[in-house]
file data.cif (mmCIF, C-alpha atoms)
data_start
loop_
_atom_site.label_atom_id
_atom_site.label_comp_id
_atom_site.auth_asym_id
_atom_site.auth_seq_id
_atom_site.Cartn_x
_atom_site.Cartn_y
_atom_site.Cartn_z
CA MET A 851 15.64 -14.23 19.55
CA PRO A 852 16.27 -17.92 18.61
CA PRO A 853 16.87 -18.56 14.86
CA ARG A 854 13.71 -20.69 14.52
CA THR A 855 11.59 -17.93 16.06
CA THR A 856 13.22 -15.38 13.75
CA GLN A 857 12.43 -17.50 10.69
CA THR A 858 8.84 -17.89 11.83
CA GLN A 859 8.47 -14.14 12.29
CA VAL A 860 9.91 -13.46 8.82
CA ALA A 861 7.63 -16.05 7.23
CA LEU A 862 4.62 -14.53 9.00
CA ALA A 863 5.59 -11.02 7.88
CA ILE A 864 5.98 -12.11 4.24
CA GLY A 865 2.77 -14.14 4.26
CA VAL A 866 0.55 -11.37 5.61
CA LEU A 867 2.17 -8.88 3.22
CA LEU A 868 1.25 -11.07 0.25
CA ILE A 869 -2.35 -11.28 1.46
CA ALA A 870 -2.38 -7.49 1.91
CA MET A 871 -1.20 -6.92 -1.67
CA VAL A 872 -3.88 -9.15 -3.17
CA SER A 873 -6.55 -7.52 -1.01
CA TYR A 874 -5.39 -4.03 -1.94
CA GLN A 875 -5.49 -4.64 -5.69
CA CYS A 876 -8.90 -6.32 -5.52
CA GLY A 877 -10.16 -3.26 -3.66
CA ALA A 878 -8.62 -0.90 -6.22
CA SER A 879 -10.33 -2.78 -9.05
CA LEU A 880 -13.64 -2.50 -7.19
CA ALA A 881 -13.10 1.20 -6.48
CA LYS A 882 -12.88 2.00 -10.19
CA HIS A 883 -16.56 1.03 -10.48
CA LEU A 884 -17.41 3.89 -8.09
CA PHE A 885 -15.64 6.57 -10.14
CA PRO A 886 -18.59 7.30 -12.49
CA GLN A 887 -20.91 7.95 -9.51
CA VAL A 888 -18.70 9.73 -6.94
CA GLY A 889 -15.36 10.30 -8.67
CA ALA A 890 -11.91 9.39 -7.40
CA GLN A 891 -12.33 11.82 -4.50
CA GLY A 892 -15.58 10.23 -3.38
CA ALA A 893 -14.12 6.72 -3.66
CA THR A 894 -11.19 7.80 -1.47
CA ALA A 895 -13.61 9.27 1.09
CA TYR A 896 -15.57 6.01 1.12
CA ARG A 897 -12.41 3.96 1.44
CA LEU A 898 -10.80 5.79 4.35
CA GLY A 899 -13.98 7.04 6.06
CA LEU A 900 -15.72 3.66 6.27
CA SER A 901 -12.45 1.89 7.00
CA ALA A 902 -11.77 4.24 9.92
CA LEU A 903 -15.29 3.64 11.23
CA ILE A 904 -14.87 -0.15 11.02
CA LEU A 905 -11.48 -0.07 12.75
CA LEU A 906 -12.67 2.32 15.47
CA LEU A 907 -15.64 0.10 16.31
CA TRP A 908 -13.43 -2.98 16.30
CA ARG A 909 -10.32 -1.72 18.11
CA ARG A 910 -11.87 1.02 20.32
CA PRO A 911 -8.49 2.71 20.88
CA TRP A 912 -9.95 5.22 23.35
CA ARG A 913 -9.87 2.45 25.97
CA ARG A 914 -6.05 2.62 26.01
CA VAL A 915 -3.89 5.54 27.13
CA HIS A 916 -1.53 6.87 24.47
CA SER A 917 -0.29 10.02 26.19
CA GLY A 918 3.39 10.82 25.68
CA LYS A 919 3.60 8.80 22.45
CA ASP A 920 5.18 9.95 19.17
CA TRP A 921 2.19 11.98 17.95
CA ARG A 922 4.20 13.69 15.17
CA ALA A 923 4.93 10.31 13.58
CA LEU A 924 1.27 9.33 14.00
CA TRP A 925 -0.09 12.43 12.29
CA GLY A 926 2.56 12.22 9.58
CA TYR A 927 1.66 8.57 9.00
CA GLY A 928 -2.06 9.32 8.84
CA LEU A 929 -1.73 12.35 6.56
CA ALA A 930 0.67 10.45 4.29
CA MET A 931 -1.89 7.62 4.10
CA GLY A 932 -4.70 10.02 3.20
CA ALA A 933 -2.71 11.94 0.58
CA MET A 934 -1.26 8.75 -0.94
CA ASN A 935 -4.71 7.23 -1.40
CA LEU A 936 -6.21 10.41 -2.83
CA VAL A 937 -3.56 11.05 -5.49
CA PHE A 938 -3.38 7.36 -6.41
CA TYR A 939 -7.11 7.20 -7.09
CA LEU A 940 -6.83 10.45 -9.05
CA SER A 941 -4.19 8.77 -11.22
CA LEU A 942 -6.51 5.81 -11.92
CA ARG A 943 -8.95 8.15 -13.72
CA THR A 944 -6.63 8.38 -16.72
CA ILE A 945 -3.99 5.61 -16.59
CA PRO A 946 -4.33 1.81 -16.20
CA LEU A 947 -4.11 0.19 -12.77
CA GLY A 948 -0.93 -1.81 -13.44
CA ILE A 949 0.94 1.19 -14.84
CA ALA A 950 -0.21 3.43 -11.99
CA VAL A 951 1.08 0.93 -9.42
CA ALA A 952 4.36 0.51 -11.30
CA LEU A 953 4.90 4.28 -11.26
CA GLU A 954 3.86 4.50 -7.62
CA PHE A 955 6.41 1.84 -6.74
CA THR A 956 9.27 4.19 -7.65
CA GLY A 957 8.96 5.51 -4.09
CA PRO A 958 9.54 2.20 -2.24
CA LEU A 959 12.18 1.30 -4.84
CA ALA A 960 14.14 4.46 -4.02
CA LEU A 961 13.86 3.63 -0.32
CA ALA A 962 15.11 0.08 -0.95
CA MET A 963 18.08 1.40 -2.93
CA ALA A 964 18.94 3.93 -0.23
CA GLY A 965 19.11 1.19 2.40
CA SER A 966 21.06 -1.35 0.32
CA ARG A 967 24.69 -2.19 1.14
CA ARG A 968 25.37 -5.69 -0.23
CA LEU A 969 25.95 -6.61 -3.86
CA ILE A 970 23.11 -9.14 -3.80
CA ASP A 971 20.71 -6.34 -2.80
CA PHE A 972 21.48 -4.50 -6.01
CA VAL A 973 21.00 -7.70 -8.03
CA TRP A 974 17.42 -7.95 -6.75
CA ILE A 975 16.81 -4.23 -7.31
CA ALA A 976 18.16 -4.51 -10.89
CA LEU A 977 15.67 -7.33 -11.53
CA VAL A 978 12.87 -5.13 -10.17
CA ILE A 979 13.89 -2.20 -12.38
CA GLY A 980 14.07 -4.50 -15.42
CA GLY A 981 10.63 -5.85 -14.61
CA LEU A 982 9.15 -2.37 -14.23
CA VAL A 983 10.65 -1.28 -17.57
CA LEU A 984 8.98 -4.26 -19.26
CA LEU A 985 5.66 -3.58 -17.52
CA LEU A 986 5.53 0.06 -18.58
CA PRO A 987 4.40 0.78 -22.17
CA LEU A 988 7.70 2.28 -23.28
CA HIS A 989 7.50 0.97 -26.85
CA GLY A 990 5.39 3.50 -28.71
CA GLN A 991 2.59 3.85 -26.17
CA VAL A 992 4.21 6.04 -23.53
CA GLN A 993 3.16 9.17 -25.44
CA SER A 994 -0.47 8.21 -24.86
CA LEU A 995 -0.13 8.26 -21.07
CA ASP A 996 -1.83 11.23 -19.47
CA PRO A 997 0.95 13.38 -17.92
CA VAL A 998 -1.30 14.53 -15.08
CA GLY A 999 -2.15 10.93 -14.23
CA VAL A 1000 1.55 10.06 -14.30
CA MET A 1001 2.35 12.93 -11.91
CA TYR A 1002 -0.40 11.81 -9.53
CA ALA A 1003 1.02 8.25 -9.53
CA LEU A 1004 4.55 9.53 -8.84
CA ALA A 1005 3.22 11.71 -6.03
CA ALA A 1006 1.60 8.60 -4.56
CA GLY A 1007 5.08 7.04 -4.60
CA VAL A 1008 6.37 9.85 -2.38
CA GLY A 1009 3.44 9.27 -0.04
CA TRP A 1010 4.24 5.55 -0.02
CA VAL A 1011 7.77 6.24 1.25
CA LEU A 1012 6.43 8.41 4.07
CA TYR A 1013 3.84 5.75 4.85
CA ILE A 1014 6.57 3.11 5.28
CA VAL A 1015 9.05 5.21 7.27
CA LEU A 1016 6.49 6.88 9.54
CA GLY A 1017 4.42 3.70 9.75
CA GLN A 1018 7.31 1.82 11.36
CA ARG A 1019 7.74 4.58 13.94
CA THR A 1020 4.02 4.74 14.59
CA GLY A 1021 3.74 0.97 14.93
CA ALA A 1022 6.57 0.96 17.46
CA ALA A 1023 4.85 3.69 19.50
CA TYR A 1024 1.16 2.76 19.24
CA GLY A 1025 1.22 -0.97 18.54
CA ALA A 1026 -1.99 -2.48 17.20
CA ASP A 1027 -3.81 0.89 17.45
CA ALA A 1028 -1.47 2.54 14.92
CA VAL A 1029 -3.53 1.57 11.85
CA THR A 1030 -6.83 2.62 13.46
CA LEU A 1031 -5.54 6.03 14.51
CA GLY A 1032 -3.63 6.60 11.26
CA THR A 1033 -6.62 5.65 9.08
CA SER A 1034 -8.83 8.02 11.08
CA ILE A 1035 -6.40 10.87 10.46
CA GLY A 1036 -6.22 9.97 6.76
CA ALA A 1037 -10.03 10.04 6.61
CA LEU A 1038 -10.02 13.59 8.03
CA LEU A 1039 -7.95 14.60 5.00
CA ALA A 1040 -9.87 12.64 2.35
CA ILE A 1041 -13.51 13.17 3.35
CA PRO A 1042 -13.64 16.95 2.64
CA PHE A 1043 -12.37 16.32 -0.91
CA GLY A 1044 -14.99 13.61 -1.40
CA VAL A 1045 -17.85 15.78 -0.09
CA ALA A 1046 -16.75 18.75 -2.19
CA HIS A 1047 -16.70 16.63 -5.36
CA ALA A 1048 -19.60 14.20 -4.92
CA GLY A 1049 -21.88 15.91 -2.38
CA SER A 1050 -25.06 14.02 -1.51
CA ALA A 1051 -24.22 11.21 -3.96
CA LEU A 1052 -22.05 9.76 -1.20
CA LEU A 1053 -25.24 9.00 0.76
CA SER A 1054 -26.72 6.77 -1.94
CA PRO A 1055 -27.75 3.40 -0.38
CA ALA A 1056 -27.09 1.63 -3.70
CA LEU A 1057 -23.39 2.46 -3.48
CA LEU A 1058 -22.94 1.34 0.12
CA PRO A 1059 -22.11 -2.36 -0.62
CA TYR A 1060 -19.39 -1.32 -3.08
CA ALA A 1061 -18.10 1.30 -0.67
CA LEU A 1062 -17.89 -1.21 2.19
CA GLY A 1063 -16.07 -3.65 -0.07
CA VAL A 1064 -13.53 -0.99 -1.02
CA ALA A 1065 -13.05 0.02 2.61
CA LEU A 1066 -12.45 -3.56 3.76
CA LEU A 1067 -10.32 -4.76 0.85
CA SER A 1068 -8.31 -1.58 0.21
CA SER A 1069 -7.71 -0.21 3.70
CA ALA A 1070 -8.99 -1.96 6.83
CA LEU A 1071 -7.57 -5.40 6.00
CA PRO A 1072 -4.36 -4.60 4.05
CA TYR A 1073 -3.20 -1.74 6.30
CA SER A 1074 -3.67 -3.91 9.39
CA LEU A 1075 -1.69 -6.72 7.77
CA GLU A 1076 1.01 -4.37 6.51
CA MET A 1077 1.53 -3.02 10.02
CA ILE A 1078 2.22 -6.58 11.20
CA SER A 1079 4.79 -6.92 8.41
CA MET A 1080 6.36 -3.48 8.89
CA THR A 1081 7.05 -4.14 12.58
CA ARG A 1082 8.83 -7.41 11.76
CA LEU A 1083 10.97 -6.49 8.74
CA PRO A 1084 13.64 -3.84 8.04
CA ALA A 1085 12.38 -0.92 5.92
CA ARG A 1086 14.66 -1.91 3.00
CA THR A 1087 13.39 -5.50 2.97
CA PHE A 1088 9.76 -4.41 3.29
CA SER A 1089 10.19 -1.91 0.43
CA THR A 1090 11.79 -4.47 -1.89
CA LEU A 1091 9.11 -7.06 -1.16
CA LEU A 1092 6.55 -4.46 -2.19
CA SER A 1093 7.95 -4.85 -5.71
CA LEU A 1094 5.36 -7.61 -6.06
CA GLU A 1095 2.65 -4.93 -6.02
CA PRO A 1096 2.88 -4.03 -9.77
CA ALA A 1097 2.84 -7.73 -10.65
CA VAL A 1098 -0.21 -8.33 -8.46
CA ALA A 1099 -1.89 -5.27 -10.00
CA ALA A 1100 -1.20 -6.53 -13.51
CA MET A 1101 -2.66 -9.94 -12.69
CA ALA A 1102 -5.66 -8.30 -11.02
CA GLY A 1103 -6.23 -6.40 -14.26
CA VAL A 1104 -6.22 -9.68 -16.18
CA THR A 1105 -8.60 -11.53 -13.86
CA LEU A 1106 -10.90 -8.73 -12.68
CA LEU A 1107 -10.85 -6.09 -15.42
CA GLY A 1108 -10.38 -8.25 -18.52
CA GLU A 1109 -7.00 -6.75 -19.42
CA HIS A 1110 -4.40 -8.72 -21.40
CA LEU A 1111 -0.65 -9.07 -20.84
CA THR A 1112 2.04 -9.56 -23.46
CA THR A 1113 4.80 -12.15 -23.21
CA LEU A 1114 7.26 -9.44 -22.16
CA GLN A 1115 4.93 -8.32 -19.39
CA TRP A 1116 4.66 -11.88 -18.08
CA LEU A 1117 8.48 -12.04 -18.11
CA ALA A 1118 8.48 -8.78 -16.15
CA ILE A 1119 6.18 -10.28 -13.54
CA GLY A 1120 8.47 -13.31 -13.31
CA ALA A 1121 11.54 -11.10 -12.78
CA ILE A 1122 9.80 -9.14 -10.04
CA ILE A 1123 8.67 -12.33 -8.28
CA VAL A 1124 12.23 -13.71 -8.39
CA ALA A 1125 13.59 -10.45 -6.96
CA SER A 1126 11.05 -10.46 -4.13
CA ALA A 1127 11.76 -14.10 -3.30
CA GLY A 1128 15.50 -13.41 -3.34
CA THR A 1129 15.06 -10.45 -1.03
CA ALA A 1130 13.02 -12.52 1.40
CA LEU A 1131 15.64 -15.28 1.47
CA SER A 1132 18.51 -12.84 2.01
CA VAL A 1133 17.09 -11.11 5.09
CA ARG A 1134 19.87 -10.94 7.66
CA ARG A 1135 18.91 -8.29 10.13
CA PRO A 1136 17.03 -9.42 13.23
CA VAL A 1137 13.33 -8.80 13.03
CA VAL A 1138 11.58 -6.62 15.58
CA ALA A 1139 8.65 -8.12 17.43
CA GLU A 1140 5.36 -6.27 17.18
CA PRO A 1141 5.05 -3.95 20.20
CA ARG A 1142 2.27 -4.65 22.65
#

call {"tool": "encode", "arguments": {"input": "data.cif", "output": "structure tokens"}}
result
Amino acid sequence: MPPRTTQTQVALAIGVLLIAMVSYQCGASLAKHLFPQVGAQGATAYRLGLSALILLLWRRPWRRVHSGKDWRALWGYGLAMGAMNLVFYLSLRTIPLGIAVALEFTGPLALAMAGSRRLIDFVWIALVIGGLVLLLPLHGQVQSLDPVGVMYALAAGVGWVLYIVLGQRTGAAYGADAVTLGTSIGALLAIPFGVAHAGSALLSPALLPYALGVALLSSALPYSLEMISMTRLPARTFSTLLSLEPAVAAMAGVTLLGEHLTTLQWLAIGAIIVASAGTALSVRRPVVAEPR
């Protein structure tokens, strides 16, 4: 692949990933408004169920033959997506959005560290770790964090790693249909939990606009964009770039939920942004074109 084409592909992958992060955090902020009516389980069912329906009607994957593909990776990707979303929303019941995302990011951070070989890689990762330490309330407030919520957020981090690793394999095998099929499998996992918790409240017409907004902003749009990015970047680079997620979540809390950030937390966001930019500029491995 010519160098100019490679640079264009990298720029595209980074650009769509940034859009996906903003969309995801806006959707998460909106989803919290559904918790009093249908709970975290119901919000997850809305998110994945409606998103799967939208993607199925749009992509219509049944028109293409996928026999002989890597179905184990597909089901692992879909189940990881469903479990990751469910436990992350469960964590949001008791801990703030920015902190939950920072804890969840320990999964991609571990993946980035495992794939790092150059000294400059560890410089960026050290900046990310420093930023996360400043974002977390480690100075007298950590005792107030709900331990169950923390465990749910850490479990979401494990799901995030599986989502990245299996998502790359699924994208290579199923192309543009990977997100549609994976989201549908994730919905099969999440919907029973939502029905068991919220019951007929899920059918309330008044909640439908919020539910559609969550489905579009938190799943249908960002997962489609992330698949474009995942198929064009190495897993280590993709994971390190995701370090922007806690910073985006913190800023979403400021603008959408009325939360306030300290000077140290703004410094943390700056460190994470520098690390992500440095990672993007130091990409060396050839990108992989999105499979047809």

call {"tool": "closest_residue", "arguments": {"input": "data.cif", "among": "A:Gly877, A:Pro958, A:Gly928, A:Gly1009", "to": "Ile979 of chain A", "atoms": "only C-alpha atoms"}}
result
A:Pro958

call {"tool": "atom_distance", "arguments": {"input": "data.cif", "atom1": "atom CA of Thr956 of chain A", "atom2": "atom CA of Glu1076 of chain A"}}
result
18.5 Å

call {"tool": "atom_distance", "arguments": {"input": "data.cif", "atom1": "atom CA of Ile949 of chain A", "atom2": "atom CA of Thr1113 of chain A"}}
result
16.2 Å

call {"tool": "residues_near_point", "arguments": {"input": "data.cif", "point": "(-9.9, 9.9, 10.3)", "cutoff": "9 Å", "atoms": "only C-alpha atoms", "output": "PyMOL selection string"}}
result
chain A and resi 898-899+902-903+928+932+1030-1041

call {"tool": "residues_near_point", "arguments": {"input": "data.cif", "point": "(-4.6, 4.0, 17.8)", "cutoff": "12 Å", "atoms": "all atoms listed in the file", "output": "PyMOL selection string"}}
result
chain A and resi 902+905-917+919-921+924-925+927-928+1020-1035+1074

call {"tool": "closest_residue", "arguments": {"input": "data.cif", "among": "A:Val888, A:Ala962, A:Ile869, A:Ala893", "to": "Ala1061 of chain A", "atoms": "all atoms listed in the file"}}
result
A:Ala893

call {"tool": "closest_residue", "arguments": {"input": "data.cif", "among": "A:Ala1070, A:Val1000, A:Leu1052, A:Ala1065", "to": "Leu940 of chain A", "atoms": "all atoms listed in the file"}}
result
A:Val1000

call {"tool": "resolve_selection", "arguments": {"input": "data.cif", "expression": "the PyMOL selection byres ((chain A and resi 873) around 9)", "output": "PyMOL selection string"}}
result
chain A and resi 868-872+874-878+1066-1069+1071-1072

call {"tool": "closest_residue", "arguments": {"input": "data.cif", "among": "A:Leu880, A:Gly1007, A:Arg943, A:Leu959", "to": "Leu977 of chain A", "atoms": "only C-alpha atoms"}}
result
A:Leu959

call {"tool": "residues_around", "arguments": {"input": "data.cif", "residues": "Met963 of chain A", "least_positions_apart": "5", "cutoff": "12 Å", "atoms": "all atoms listed in the file", "output": "ChimeraX atom specification"}}
result
/A:956-958,968-976,978-979,1085-1090

call {"tool": "residues_around", "arguments": {"input": "data.cif", "residues": "Gly948 of chain A", "least_positions_apart": "4", "cutoff": "8 Å", "atoms": "all atoms listed in the file", "output": "list in words"}}
result
Ala952, Leu985, Pro1096, Ala1097, Ala1099, Ala1100 and Gly1103 of chain A

call {"tool": "axis_aligned_box", "arguments": {"input": "data.cif", "around": "segment 958-971 of chain A", "padding_each_side": "6 Å", "output": "JSON"}}
result
{"center_x": 17.7, "center_y": -2.3, "center_z": -1.2, "size_x": 28.4, "size_y": 25.6, "size_z": 19.2}

call {"tool": "resolve_selection", "arguments": {"input": "data.cif", "expression": "the PyMOL selection byres ((chain A and resi 891) around 12)", "output": "PyMOL selection string"}}
result
chain A and resi 881-882+884-890+892-899+932-933+935-943+1037+1039-1049+1051-1052

call {"tool": "residues_around", "arguments": {"input": "data.cif", "residues": "Val866 of chain A", "least_positions_apart": "4", "cutoff": "7 Å", "atoms": "only C-alpha atoms", "output": "PyMOL selection string"}}
result
chain A and resi 862+870+1075+1079

call {"tool": "decode", "arguments": {"input": "data.cif", "residues": "segment 859-880 of chain A", "atoms": "N, CA and C atoms", "output": "short mmCIF file (atom, residue, chain, number, x, y, z; two decimals), in the first residue's frame"}}
result
data_model
loop_
_atom_site.label_atom_id
_atom_site.label_comp_id
_atom_site.auth_asym_id
_atom_site.auth_seq_id
_atom_site.Cartn_x
_atom_site.Cartn_y
_atom_site.Cartn_z
N GLN A 859 -5.67 6.11 5.38
CA GLN A 859 -6.40 5.08 6.11
C GLN A 859 -6.27 5.27 7.62
N VAL A 860 -5.07 5.61 8.09
CA VAL A 860 -4.87 5.85 9.52
C VAL A 860 -5.67 7.06 9.98
N ALA A 861 -5.63 8.14 9.19
CA ALA A 861 -6.40 9.33 9.56
C ALA A 861 -7.89 9.04 9.60
N LEU A 862 -8.38 8.27 8.64
CA LEU A 862 -9.80 7.89 8.64
C LEU A 862 -10.13 7.08 9.89
N ALA A 863 -9.28 6.10 10.21
CA ALA A 863 -9.53 5.24 11.37
C ALA A 863 -9.58 6.05 12.66
N ILE A 864 -8.66 7.00 12.81
CA ILE A 864 -8.62 7.82 14.02
C ILE A 864 -9.82 8.76 14.07
N GLY A 865 -10.16 9.34 12.94
CA GLY A 865 -11.29 10.26 12.90
C GLY A 865 -12.61 9.61 13.27
N VAL A 866 -12.90 8.46 12.69
CA VAL A 866 -14.16 7.79 12.99
C VAL A 866 -14.17 7.28 14.43
N LEU A 867 -13.00 6.91 14.97
CA LEU A 867 -12.94 6.47 16.35
C LEU A 867 -13.27 7.61 17.31
N LEU A 868 -12.80 8.81 17.01
CA LEU A 868 -13.12 9.96 17.84
C LEU A 868 -14.62 10.25 17.83
N ILE A 869 -15.22 10.17 16.65
CA ILE A 869 -16.67 10.38 16.55
C ILE A 869 -17.41 9.31 17.35
N ALA A 870 -16.93 8.07 17.27
CA ALA A 870 -17.57 6.97 18.00
C ALA A 870 -17.52 7.21 19.50
N MET A 871 -16.39 7.70 20.01
CA MET A 871 -16.25 7.94 21.45
C MET A 871 -17.23 9.01 21.92
N VAL A 872 -17.32 10.10 21.19
CA VAL A 872 -18.25 11.17 21.57
C VAL A 872 -19.69 10.66 21.54
N SER A 873 -20.03 9.92 20.50
CA SER A 873 -21.38 9.37 20.38
C SER A 873 -21.69 8.44 21.54
N TYR A 874 -20.73 7.58 21.86
CA TYR A 874 -20.94 6.60 22.93
C TYR A 874 -21.21 7.28 24.27
N GLN A 875 -20.42 8.30 24.61
CA GLN A 875 -20.59 8.95 25.91
C GLN A 875 -21.87 9.78 25.96
N CYS A 876 -22.26 10.38 24.83
CA CYS A 876 -23.56 11.08 24.81
C CYS A 876 -24.70 10.09 25.04
N GLY A 877 -24.59 8.91 24.43
CA GLY A 877 -25.61 7.88 24.63
C GLY A 877 -25.64 7.38 26.06
N ALA A 878 -24.46 7.22 26.68
CA ALA A 878 -24.41 6.76 28.07
C ALA A 878 -25.05 7.78 29.01
N SER A 879 -24.80 9.07 28.74
CA SER A 879 -25.44 10.11 29.56
C SER A 879 -26.95 10.07 29.41
N LEU A 880 -27.43 9.84 28.20
CA LEU A 880 -28.87 9.75 27.96
C LEU A 880 -29.46 8.51 28.62
#
